[in-house]
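First up is the structure itself, then whatever we jot down about it.
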Amino acid sequence: MRLTDDRYSGERRQFELALRMIRHEARTRTIRECTGLSDDRIRKLYATYFRDSGNSAVKRRRGKSPRQVTRFVKTPDNQLQATTLVALFCAGLLVRIDREDRVHACWPRPDVEFGHRLCRAYETYLLLHENAKLSFEWTWNLLKCISYNDELYLAQCRGCDARYVQDAYALDHRICPACSLELPGKACPRPPGLAAH
Ligand SMILES: [Zn+2]
């Protein structure tokens, strides 16, 4: 019976994650990657729990995930929010930041645990930023982009030493978004991985 129990609890976690991600309006493809459920089962879940239940606030997204790094650095506010997310990825052990501020992905490929951690990071971000600029899909993209250390990197502020998300192809004035917004008490998030060395 043990095997059946394990399989049941495994399936339950898959379904819980799918529902959690549908609530965040994740794309079918993203849900499939994390849960391992087929498109058909994801569609049925959506139909059962959202479309047919009169819960029309949740939209289902199709197609590919959006992907332009400028979204993360467009304004100091966007930049601050992206930096918050990277700090939360770090706190959730989705990424590790080394002494040279390079970001390393800690999850070789998406799975159910990864999906739940990503949801937790996104939900915490929504609690911290009233006017959230980044959707769940943008969050997922940020995690990928920052792990490549290619178009995005962590720059260091010359005013307060905090790290912040920066566009590798933009001119960097070395001023973090919190300093440029002159936020009281420097609201720049600083988990252990992002602290000044
Ligand atoms: Zn600063």
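Residue numbering restarts at 1 in every chain; chains get A, B, ... in the order shown in the structure tokens, and ligands count up from 1 in that same order.
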Residues within 12 Å of Asn78 in chain A, only C-alpha atoms, excluding chain neighbours under 2 positions, as a PDB file with all heavy atoms, in the first residue's frame:
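Saved to part22.pdb:
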```pdb
ATOM      1  N   VAL A  69      14.914  41.558 -21.682  1.00  0.00           N
ATOM      2  CA  VAL A  69      15.515  41.920 -20.396  1.00  0.00           C
ATOM      3  C   VAL A  69      15.265  43.373 -20.014  1.00  0.00           C
ATOM      4  O   VAL A  69      15.336  43.711 -18.836  1.00  0.00           O
ATOM      5  CB  VAL A  69      17.031  41.633 -20.346  1.00  0.00           C
ATOM      6  CG1 VAL A  69      17.292  40.142 -20.448  1.00  0.00           C
ATOM      7  CG2 VAL A  69      17.783  42.406 -21.393  1.00  0.00           C
ATOM      8  N   THR A  70      14.970  44.216 -20.997  1.00  0.00           N
ATOM      9  CA  THR A  70      14.752  45.632 -20.683  1.00  0.00           C
ATOM     10  C   THR A  70      13.607  45.820 -19.682  1.00  0.00           C
ATOM     11  O   THR A  70      13.600  46.768 -18.916  1.00  0.00           O
ATOM     12  CB  THR A  70      14.434  46.453 -21.943  1.00  0.00           C
ATOM     13  OG1 THR A  70      13.467  45.745 -22.699  1.00  0.00           O
ATOM     14  CG2 THR A  70      15.671  46.691 -22.780  1.00  0.00           C
ATOM     15  N   ARG A  71      12.667  44.884 -19.703  1.00  0.00           N
ATOM     16  CA  ARG A  71      11.545  44.935 -18.782  1.00  0.00           C
ATOM     17  C   ARG A  71      12.020  45.023 -17.318  1.00  0.00           C
ATOM     18  O   ARG A  71      11.394  45.645 -16.478  1.00  0.00           O
ATOM     19  CB  ARG A  71      10.717  43.656 -18.999  1.00  0.00           C
ATOM     20  CG  ARG A  71       9.544  43.487 -18.066  1.00  0.00           C
ATOM     21  CD  ARG A  71       8.397  44.302 -18.563  1.00  0.00           C
ATOM     22  NE  ARG A  71       7.234  44.156 -17.724  1.00  0.00           N
ATOM     23  CZ  ARG A  71       5.994  44.149 -18.185  1.00  0.00           C
ATOM     24  NH1 ARG A  71       5.771  44.281 -19.468  1.00  0.00           N
ATOM     25  NH2 ARG A  71       4.984  44.056 -17.361  1.00  0.00           N
ATOM     26  N   PHE A  72      13.136  44.388 -17.029  1.00  0.00           N
ATOM     27  CA  PHE A  72      13.624  44.314 -15.648  1.00  0.00           C
ATOM     28  C   PHE A  72      14.394  45.566 -15.221  1.00  0.00           C
ATOM     29  O   PHE A  72      14.672  45.743 -14.044  1.00  0.00           O
ATOM     30  CB  PHE A  72      14.514  43.087 -15.461  1.00  0.00           C
ATOM     31  CG  PHE A  72      13.845  41.794 -15.857  1.00  0.00           C
ATOM     32  CD1 PHE A  72      14.353  41.003 -16.870  1.00  0.00           C
ATOM     33  CD2 PHE A  72      12.674  41.396 -15.222  1.00  0.00           C
ATOM     34  CE1 PHE A  72      13.723  39.823 -17.241  1.00  0.00           C
ATOM     35  CE2 PHE A  72      12.035  40.218 -15.590  1.00  0.00           C
ATOM     36  CZ  PHE A  72      12.559  39.432 -16.598  1.00  0.00           C
ATOM     37  N   VAL A  73      14.766  46.391 -16.205  1.00  0.00           N
ATOM     38  CA  VAL A  73      15.620  47.543 -15.872  1.00  0.00           C
ATOM     39  C   VAL A  73      15.057  48.849 -16.432  1.00  0.00           C
ATOM     40  O   VAL A  73      15.724  49.882 -16.394  1.00  0.00           O
ATOM     41  CB  VAL A  73      17.062  47.327 -16.410  1.00  0.00           C
ATOM     42  CG1 VAL A  73      17.741  46.192 -15.662  1.00  0.00           C
ATOM     43  CG2 VAL A  73      17.064  47.044 -17.904  1.00  0.00           C
ATOM     44  N   LYS A  74      13.825  48.777 -16.961  1.00  0.00           N
ATOM     45  CA  LYS A  74      13.216  49.914 -17.647  1.00  0.00           C
ATOM     46  C   LYS A  74      13.169  51.167 -16.781  1.00  0.00           C
ATOM     47  O   LYS A  74      13.466  52.259 -17.231  1.00  0.00           O
ATOM     48  CB  LYS A  74      11.799  49.498 -18.073  1.00  0.00           C
ATOM     49  CG  LYS A  74      11.186  50.342 -19.146  1.00  0.00           C
ATOM     50  CD  LYS A  74       9.954  49.669 -19.749  1.00  0.00           C
ATOM     51  CE  LYS A  74       8.836  49.478 -18.739  1.00  0.00           C
ATOM     52  NZ  LYS A  74       7.591  48.968 -19.342  1.00  0.00           N
ATOM     53  N   THR A  75      12.767  51.016 -15.538  1.00  0.00           N
ATOM     54  CA  THR A  75      12.701  52.140 -14.599  1.00  0.00           C
ATOM     55  C   THR A  75      13.345  51.680 -13.285  1.00  0.00           C
ATOM     56  O   THR A  75      13.439  50.473 -13.045  1.00  0.00           O
ATOM     57  CB  THR A  75      11.237  52.531 -14.296  1.00  0.00           C
ATOM     58  OG1 THR A  75      10.619  51.418 -13.609  1.00  0.00           O
ATOM     59  CG2 THR A  75      10.444  52.826 -15.558  1.00  0.00           C
ATOM     60  N   PRO A  76      13.764  52.625 -12.432  1.00  0.00           N
ATOM     61  CA  PRO A  76      14.327  52.223 -11.138  1.00  0.00           C
ATOM     62  C   PRO A  76      13.355  51.342 -10.339  1.00  0.00           C
ATOM     63  O   PRO A  76      13.768  50.432  -9.637  1.00  0.00           O
ATOM     64  CB  PRO A  76      14.567  53.552 -10.422  1.00  0.00           C
ATOM     65  CG  PRO A  76      14.737  54.550 -11.514  1.00  0.00           C
ATOM     66  CD  PRO A  76      13.838  54.081 -12.628  1.00  0.00           C
ATOM     67  N   LEU A  80      14.217  47.743  -9.037  1.00  0.00           N
ATOM     68  CA  LEU A  80      14.127  47.418  -7.606  1.00  0.00           C
ATOM     69  C   LEU A  80      13.310  46.136  -7.410  1.00  0.00           C
ATOM     70  O   LEU A  80      13.679  45.261  -6.629  1.00  0.00           O
ATOM     71  CB  LEU A  80      13.478  48.585  -6.846  1.00  0.00           C
ATOM     72  CG  LEU A  80      13.335  48.401  -5.340  1.00  0.00           C
ATOM     73  CD1 LEU A  80      14.696  48.384  -4.661  1.00  0.00           C
ATOM     74  CD2 LEU A  80      12.478  49.522  -4.747  1.00  0.00           C
ATOM     75  N   GLN A  81      12.220  46.033  -8.162  1.00  0.00           N
ATOM     76  CA  GLN A  81      11.356  44.851  -8.033  1.00  0.00           C
ATOM     77  C   GLN A  81      12.069  43.592  -8.527  1.00  0.00           C
ATOM     78  O   GLN A  81      11.953  42.525  -7.923  1.00  0.00           O
ATOM     79  CB  GLN A  81      10.042  45.083  -8.777  1.00  0.00           C
ATOM     80  CG  GLN A  81       9.220  46.201  -8.146  1.00  0.00           C
ATOM     81  CD  GLN A  81       7.770  46.243  -8.618  1.00  0.00           C
ATOM     82  OE1 GLN A  81       7.286  45.321  -9.255  1.00  0.00           O
ATOM     83  NE2 GLN A  81       7.075  47.318  -8.289  1.00  0.00           N
ATOM     84  N   ALA A  82      12.814  43.737  -9.628  1.00  0.00           N
ATOM     85  CA  ALA A  82      13.583  42.593 -10.148  1.00  0.00           C
ATOM     86  C   ALA A  82      14.637  42.179  -9.123  1.00  0.00           C
ATOM     87  O   ALA A  82      14.866  40.988  -8.895  1.00  0.00           O
ATOM     88  CB  ALA A  82      14.225  42.948 -11.478  1.00  0.00           C
ATOM     89  N   THR A  83      15.245  43.173  -8.472  1.00  0.00           N
ATOM     90  CA  THR A  83      16.266  42.885  -7.458  1.00  0.00           C
ATOM     91  C   THR A  83      15.644  42.166  -6.258  1.00  0.00           C
ATOM     92  O   THR A  83      16.219  41.223  -5.728  1.00  0.00           O
ATOM     93  CB  THR A  83      16.968  44.191  -7.024  1.00  0.00           C
ATOM     94  OG1 THR A  83      17.511  44.817  -8.187  1.00  0.00           O
ATOM     95  CG2 THR A  83      18.090  43.918  -6.031  1.00  0.00           C
ATOM     96  N   THR A  84      14.451  42.583  -5.872  1.00  0.00           N
ATOM     97  CA  THR A  84      13.731  41.892  -4.793  1.00  0.00           C
ATOM     98  C   THR A  84      13.551  40.424  -5.156  1.00  0.00           C
ATOM     99  O   THR A  84      13.788  39.525  -4.343  1.00  0.00           O
ATOM    100  CB  THR A  84      12.329  42.514  -4.567  1.00  0.00           C
ATOM    101  OG1 THR A  84      12.475  43.872  -4.205  1.00  0.00           O
ATOM    102  CG2 THR A  84      11.548  41.783  -3.487  1.00  0.00           C
ATOM    103  N   LEU A  85      13.128  40.180  -6.405  1.00  0.00           N
ATOM    104  CA  LEU A  85      12.901  38.799  -6.830  1.00  0.00           C
ATOM    105  C   LEU A  85      14.186  37.974  -6.789  1.00  0.00           C
ATOM    106  O   LEU A  85      14.177  36.836  -6.340  1.00  0.00           O
ATOM    107  CB  LEU A  85      12.294  38.777  -8.241  1.00  0.00           C
ATOM    108  CG  LEU A  85      10.770  38.968  -8.286  1.00  0.00           C
ATOM    109  CD1 LEU A  85      10.293  39.226  -9.706  1.00  0.00           C
ATOM    110  CD2 LEU A  85      10.044  37.755  -7.700  1.00  0.00           C
ATOM    111  N   HIS A 129       5.602  44.274  -2.804  1.00  0.00           N
ATOM    112  CA  HIS A 129       5.407  45.377  -3.751  1.00  0.00           C
ATOM    113  C   HIS A 129       3.933  45.513  -4.115  1.00  0.00           C
ATOM    114  O   HIS A 129       3.387  44.682  -4.845  1.00  0.00           O
ATOM    115  CB  HIS A 129       6.243  45.155  -5.017  1.00  0.00           C
ATOM    116  CG  HIS A 129       7.709  45.240  -4.761  1.00  0.00           C
ATOM    117  ND1 HIS A 129       8.394  46.442  -4.749  1.00  0.00           N
ATOM    118  CD2 HIS A 129       8.618  44.290  -4.483  1.00  0.00           C
ATOM    119  CE1 HIS A 129       9.670  46.213  -4.487  1.00  0.00           C
ATOM    120  NE2 HIS A 129       9.842  44.920  -4.318  1.00  0.00           N
ATOM    121  N   ASN A 131       2.502  47.686  -6.018  1.00  0.00           N
ATOM    122  CA  ASN A 131       2.302  47.940  -7.434  1.00  0.00           C
ATOM    123  C   ASN A 131       3.242  47.038  -8.253  1.00  0.00           C
ATOM    124  O   ASN A 131       4.170  47.502  -8.890  1.00  0.00           O
ATOM    125  CB  ASN A 131       2.577  49.431  -7.689  1.00  0.00           C
ATOM    126  CG  ASN A 131       2.328  49.814  -9.126  1.00  0.00           C
ATOM    127  OD1 ASN A 131       1.632  49.108  -9.860  1.00  0.00           O
ATOM    128  ND2 ASN A 131       2.926  50.914  -9.543  1.00  0.00           N
ATOM    129  N   ALA A 132       2.960  45.729  -8.201  1.00  0.00           N
ATOM    130  CA  ALA A 132       3.860  44.760  -8.843  1.00  0.00           C
ATOM    131  C   ALA A 132       3.896  44.939 -10.356  1.00  0.00           C
ATOM    132  O   ALA A 132       2.862  45.014 -11.009  1.00  0.00           O
ATOM    133  CB  ALA A 132       3.413  43.351  -8.495  1.00  0.00           C
ATOM    134  N   LYS A 133       5.116  45.060 -10.895  1.00  0.00           N
ATOM    135  CA  LYS A 133       5.281  45.284 -12.337  1.00  0.00           C
ATOM    136  C   LYS A 133       5.528  43.979 -13.085  1.00  0.00           C
ATOM    137  O   LYS A 133       5.506  43.950 -14.301  1.00  0.00           O
ATOM    138  CB  LYS A 133       6.502  46.186 -12.590  1.00  0.00           C
ATOM    139  CG  LYS A 133       6.551  47.440 -11.767  1.00  0.00           C
ATOM    140  CD  LYS A 133       5.922  48.571 -12.503  1.00  0.00           C
ATOM    141  CE  LYS A 133       6.113  49.873 -11.764  1.00  0.00           C
ATOM    142  NZ  LYS A 133       5.057  50.838 -12.116  1.00  0.00           N
ATOM    143  N   LEU A 134       5.873  42.931 -12.346  1.00  0.00           N
ATOM    144  CA  LEU A 134       6.284  41.694 -13.010  1.00  0.00           C
ATOM    145  C   LEU A 134       5.301  40.562 -12.733  1.00  0.00           C
ATOM    146  O   LEU A 134       4.989  40.280 -11.579  1.00  0.00           O
ATOM    147  CB  LEU A 134       7.697  41.313 -12.560  1.00  0.00           C
ATOM    148  CG  LEU A 134       8.760  42.403 -12.817  1.00  0.00           C
ATOM    149  CD1 LEU A 134      10.057  42.088 -12.093  1.00  0.00           C
ATOM    150  CD2 LEU A 134       9.012  42.579 -14.302  1.00  0.00           C
ATOM    151  N   SER A 135       4.837  39.954 -13.812  1.00  0.00           N
ATOM    152  CA  SER A 135       3.906  38.833 -13.686  1.00  0.00           C
ATOM    153  C   SER A 135       4.678  37.567 -13.331  1.00  0.00           C
ATOM    154  O   SER A 135       5.908  37.572 -13.272  1.00  0.00           O
ATOM    155  CB  SER A 135       3.195  38.619 -15.023  1.00  0.00           C
ATOM    156  OG  SER A 135       4.153  38.190 -15.984  1.00  0.00           O
ATOM    157  N   TRP A 138       7.083  36.703 -16.101  1.00  0.00           N
ATOM    158  CA  TRP A 138       8.281  37.552 -16.089  1.00  0.00           C
ATOM    159  C   TRP A 138       9.237  37.114 -14.980  1.00  0.00           C
ATOM    160  O   TRP A 138      10.453  37.195 -15.119  1.00  0.00           O
ATOM    161  CB  TRP A 138       7.899  39.027 -15.917  1.00  0.00           C
ATOM    162  CG  TRP A 138       7.405  39.657 -17.183  1.00  0.00           C
ATOM    163  CD1 TRP A 138       6.125  40.053 -17.457  1.00  0.00           C
ATOM    164  CD2 TRP A 138       8.174  39.958 -18.352  1.00  0.00           C
ATOM    165  NE1 TRP A 138       6.057  40.578 -18.730  1.00  0.00           N
ATOM    166  CE2 TRP A 138       7.300  40.534 -19.297  1.00  0.00           C
ATOM    167  CE3 TRP A 138       9.519  39.793 -18.705  1.00  0.00           C
ATOM    168  CZ2 TRP A 138       7.715  40.944 -20.560  1.00  0.00           C
ATOM    169  CZ3 TRP A 138       9.931  40.205 -19.964  1.00  0.00           C
ATOM    170  CH2 TRP A 138       9.038  40.775 -20.869  1.00  0.00           C
ATOM    171  N   THR A 139       8.646  36.641 -13.882  1.00  0.00           N
ATOM    172  CA  THR A 139       9.454  36.150 -12.762  1.00  0.00           C
ATOM    173  C   THR A 139      10.258  34.925 -13.189  1.00  0.00           C
ATOM    174  O   THR A 139      11.457  34.820 -12.935  1.00  0.00           O
ATOM    175  CB  THR A 139       8.528  35.798 -11.575  1.00  0.00           C
ATOM    176  OG1 THR A 139       7.845  36.988 -11.181  1.00  0.00           O
ATOM    177  CG2 THR A 139       9.286  35.239 -10.398  1.00  0.00           C
ATOM    178  N   LEU A 142      12.995  36.031 -15.458  1.00  0.00           N
ATOM    179  CA  LEU A 142      14.078  36.689 -14.722  1.00  0.00           C
ATOM    180  C   LEU A 142      15.011  35.634 -14.123  1.00  0.00           C
ATOM    181  O   LEU A 142      16.231  35.768 -14.190  1.00  0.00           O
ATOM    182  CB  LEU A 142      13.489  37.585 -13.622  1.00  0.00           C
ATOM    183  CG  LEU A 142      14.501  38.239 -12.683  1.00  0.00           C
ATOM    184  CD1 LEU A 142      15.391  39.225 -13.441  1.00  0.00           C
ATOM    185  CD2 LEU A 142      13.777  38.970 -11.542  1.00  0.00           C
ATOM    186  N   TYR A 164      22.392  45.069  -7.343  1.00  0.00           N
ATOM    187  CA  TYR A 164      21.107  45.271  -8.019  1.00  0.00           C
ATOM    188  C   TYR A 164      21.172  44.713  -9.430  1.00  0.00           C
ATOM    189  O   TYR A 164      22.260  44.570 -10.009  1.00  0.00           O
ATOM    190  CB  TYR A 164      20.726  46.758  -8.021  1.00  0.00           C
ATOM    191  CG  TYR A 164      21.731  47.656  -8.706  1.00  0.00           C
ATOM    192  CD1 TYR A 164      21.540  48.076 -10.017  1.00  0.00           C
ATOM    193  CD2 TYR A 164      22.879  48.084  -8.039  1.00  0.00           C
ATOM    194  CE1 TYR A 164      22.462  48.894 -10.642  1.00  0.00           C
ATOM    195  CE2 TYR A 164      23.810  48.898  -8.661  1.00  0.00           C
ATOM    196  CZ  TYR A 164      23.597  49.303  -9.962  1.00  0.00           C
ATOM    197  OH  TYR A 164      24.518  50.105 -10.581  1.00  0.00           O
ATOM    198  N   VAL A 165      20.008  44.393  -9.966  1.00  0.00           N
ATOM    199  CA  VAL A 165      19.909  43.812 -11.306  1.00  0.00           C
ATOM    200  C   VAL A 165      20.189  44.894 -12.345  1.00  0.00           C
ATOM    201  O   VAL A 165      19.582  45.964 -12.316  1.00  0.00           O
ATOM    202  CB  VAL A 165      18.496  43.212 -11.527  1.00  0.00           C
ATOM    203  CG1 VAL A 165      18.302  42.781 -12.973  1.00  0.00           C
ATOM    204  CG2 VAL A 165      18.271  42.034 -10.580  1.00  0.00           C
ATOM    205  N   GLN A 166      21.133  44.606 -13.240  1.00  0.00           N
ATOM    206  CA  GLN A 166      21.493  45.597 -14.252  1.00  0.00           C
ATOM    207  C   GLN A 166      21.599  44.945 -15.636  1.00  0.00           C
ATOM    208  O   GLN A 166      21.929  43.765 -15.755  1.00  0.00           O
ATOM    209  CB  GLN A 166      22.828  46.268 -13.847  1.00  0.00           C
ATOM    210  CG  GLN A 166      23.349  47.312 -14.812  1.00  0.00           C
ATOM    211  CD  GLN A 166      22.385  48.482 -15.016  1.00  0.00           C
ATOM    212  OE1 GLN A 166      21.315  48.334 -15.608  1.00  0.00           O
ATOM    213  NE2 GLN A 166      22.757  49.652 -14.550  1.00  0.00           N
ATOM    214  N   CYS A 176      22.221  52.120  -7.302  1.00  0.00           N
ATOM    215  CA  CYS A 176      21.157  51.118  -7.203  1.00  0.00           C
ATOM    216  C   CYS A 176      19.787  51.806  -7.264  1.00  0.00           C
ATOM    217  O   CYS A 176      19.671  53.002  -7.010  1.00  0.00           O
ATOM    218  CB  CYS A 176      21.323  50.298  -5.923  1.00  0.00           C
ATOM    219  SG  CYS A 176      20.794  51.148  -4.429  1.00  0.00           S
ATOM    220  N   PRO A 177      18.752  51.042  -7.606  1.00  0.00           N
ATOM    221  CA  PRO A 177      17.422  51.657  -7.718  1.00  0.00           C
ATOM    222  C   PRO A 177      16.946  52.294  -6.415  1.00  0.00           C
ATOM    223  O   PRO A 177      16.290  53.334  -6.447  1.00  0.00           O
ATOM    224  CB  PRO A 177      16.524  50.495  -8.142  1.00  0.00           C
ATOM    225  CG  PRO A 177      17.306  49.252  -7.929  1.00  0.00           C
ATOM    226  CD  PRO A 177      18.742  49.631  -8.013  1.00  0.00           C
ATOM    227  N   ALA A 178      17.287  51.704  -5.272  1.00  0.00           N
ATOM    228  CA  ALA A 178      16.839  52.281  -3.989  1.00  0.00           C
ATOM    229  C   ALA A 178      17.471  53.654  -3.790  1.00  0.00           C
ATOM    230  O   ALA A 178      16.807  54.593  -3.366  1.00  0.00           O
ATOM    231  CB  ALA A 178      17.193  51.351  -2.841  1.00  0.00           C
ATOM    232  N   LEU A 181      15.950  56.132  -6.275  1.00  0.00           N
ATOM    233  CA  LEU A 181      14.580  56.514  -5.889  1.00  0.00           C
ATOM    234  C   LEU A 181      14.584  57.250  -4.550  1.00  0.00           C
ATOM    235  O   LEU A 181      13.550  57.725  -4.101  1.00  0.00           O
ATOM    236  CB  LEU A 181      13.689  55.266  -5.770  1.00  0.00           C
ATOM    237  CG  LEU A 181      13.326  54.545  -7.071  1.00  0.00           C
ATOM    238  CD1 LEU A 181      12.771  53.159  -6.775  1.00  0.00           C
ATOM    239  CD2 LEU A 181      12.317  55.343  -7.877  1.00  0.00           C
TER     240      LEU A 181
END
```
Requested in this report: List all protein, DNA and RNA residues that have an atom no more than 10 Å from any atom of ligand 1, counting only C-alpha atoms and all ligand atoms, and report them as a list of chain:residue names.
Outcome: A:Gln156, A:Cys157, A:Arg158, A:Gly159, A:Cys160, A:Asp161, A:Ala162, A:Arg163, A:Tyr164, A:Arg174, A:Ile175, A:Cys176, A:Pro177, A:Ala178, A:Cys179, A:Ser180, A:Leu181, A:Glu182, A:Leu183, A:Lys186, A:Ala187, A:Cys188
Write the residues of the preceding selection, restricted to C-alpha atoms, as a PDB file, in the first residue's frame.
```
ATOM      1  CA  GLN A 156      27.205  47.051  -7.081  1.00  0.00           C
ATOM      2  CA  CYS A 157      26.022  50.456  -5.889  1.00  0.00           C
ATOM      3  CA  ARG A 158      28.778  52.942  -5.116  1.00  0.00           C
ATOM      4  CA  GLY A 159      26.533  54.692  -2.601  1.00  0.00           C
ATOM      5  CA  CYS A 160      25.339  51.834  -0.404  1.00  0.00           C
ATOM      6  CA  ASP A 161      27.221  48.764  -1.707  1.00  0.00           C
ATOM      7  CA  ALA A 162      23.973  46.878  -2.378  1.00  0.00           C
ATOM      8  CA  ARG A 163      23.779  44.612  -5.423  1.00  0.00           C
ATOM      9  CA  TYR A 164      21.107  45.271  -8.019  1.00  0.00           C
ATOM     10  CA  ARG A 174      26.618  52.290 -10.301  1.00  0.00           C
ATOM     11  CA  ILE A 175      23.620  53.693  -8.490  1.00  0.00           C
ATOM     12  CA  CYS A 176      21.157  51.118  -7.203  1.00  0.00           C
ATOM     13  CA  PRO A 177      17.422  51.657  -7.718  1.00  0.00           C
ATOM     14  CA  ALA A 178      16.839  52.281  -3.989  1.00  0.00           C
ATOM     15  CA  CYS A 179      19.427  55.097  -3.991  1.00  0.00           C
ATOM     16  CA  SER A 180      18.144  56.560  -7.238  1.00  0.00           C
ATOM     17  CA  LEU A 181      14.580  56.514  -5.889  1.00  0.00           C
ATOM     18  CA  GLU A 182      15.933  57.923  -2.606  1.00  0.00           C
ATOM     19  CA  LEU A 183      13.888  55.445  -0.634  1.00  0.00           C
ATOM     20  CA  LYS A 186      17.278  52.130   1.873  1.00  0.00           C
ATOM     21  CA  ALA A 187      14.649  49.565   1.121  1.00  0.00           C
ATOM     22  CA  CYS A 188      17.125  47.648  -1.034  1.00  0.00           C
TER      23      CYS A 188
END
```
**Report entry** Residue among A:Ala168, A:Val58, A:Val95, A:Cys106 lying closest to Leu154 in chain A, counting only C-alpha atoms
**Finding:** A:Ala168
Requested in this report: Going by DSSP on the backbone, which bits of range 24-162 of chain A are strand (DSSP E)? Write them as a VMD selection string, please.
Outcome: chain A and resid 95 to 97 103 to 105 152 to 156
Deliver the residues from the most recent selection as a file, using C-alpha atoms, as a compact mmCIF listing (two decimals), in the first residue's frame.
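Writing done, so here's out30.txt:
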```txt
# COMPACT_ATOMS: atom_id res chain seq x y z
CA VAL A 95 20.03 30.40 -7.11
CA ARG A 96 23.34 30.88 -5.38
CA ILE A 97 25.44 34.04 -5.65
CA VAL A 103 24.56 33.90 -10.17
CA HIS A 104 24.37 30.12 -10.34
CA ALA A 105 21.16 28.18 -10.89
CA LEU A 152 21.64 40.69 -16.92
CA TYR A 153 24.09 40.80 -14.04
CA LEU A 154 24.33 42.01 -10.45
CA ALA A 155 25.95 45.43 -10.27
CA GLN A 156 27.21 47.05 -7.08
```
Query raised in the report: Please, which residues of chain A, numbered as in this document, come out alpha helix (DSSP H) from DSSP, as a PyMOL selection string?
Result: chain A and resi 2-23+28-35+39-49+70-73+76-91+112-128+136-148+177-180
Within 8 Å of range 110-121 of chain A using only C-alpha atoms, minus same-chain residues under 4 positions, as a PDB file with C-alpha atoms, in the first residue's frame:
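Heads up, here's the output in out-v7.pdb:
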```pdb
ATOM      1  CA  ARG A  13       1.617  17.768  -5.096  1.00  0.00           C
ATOM      2  CA  GLN A  14       1.567  17.946  -8.897  1.00  0.00           C
ATOM      3  CA  LEU A  17       1.284  23.085  -7.946  1.00  0.00           C
ATOM      4  CA  ARG A  20      -1.169  27.376  -7.646  1.00  0.00           C
ATOM      5  CA  MET A  21       0.438  28.243 -10.983  1.00  0.00           C
ATOM      6  CA  GLU A  33       7.569  21.951 -17.360  1.00  0.00           C
ATOM      7  CA  CYS A  34       7.251  22.075 -13.569  1.00  0.00           C
ATOM      8  CA  THR A  35       4.471  19.575 -12.902  1.00  0.00           C
ATOM      9  CA  GLY A  36       5.101  17.021 -15.647  1.00  0.00           C
ATOM     10  CA  LEU A  85      12.901  38.799  -6.830  1.00  0.00           C
ATOM     11  CA  LEU A  88      13.928  35.917  -2.975  1.00  0.00           C
ATOM     12  CA  PHE A  89      15.304  33.369  -5.471  1.00  0.00           C
ATOM     13  CA  GLY A  92      14.502  30.097  -1.645  1.00  0.00           C
ATOM     14  CA  LEU A  94      16.743  28.594  -6.399  1.00  0.00           C
ATOM     15  CA  TYR A 125       7.245  39.508  -3.954  1.00  0.00           C
ATOM     16  CA  TRP A 140      10.200  32.810 -14.390  1.00  0.00           C
TER      17      TRP A 140
END
```
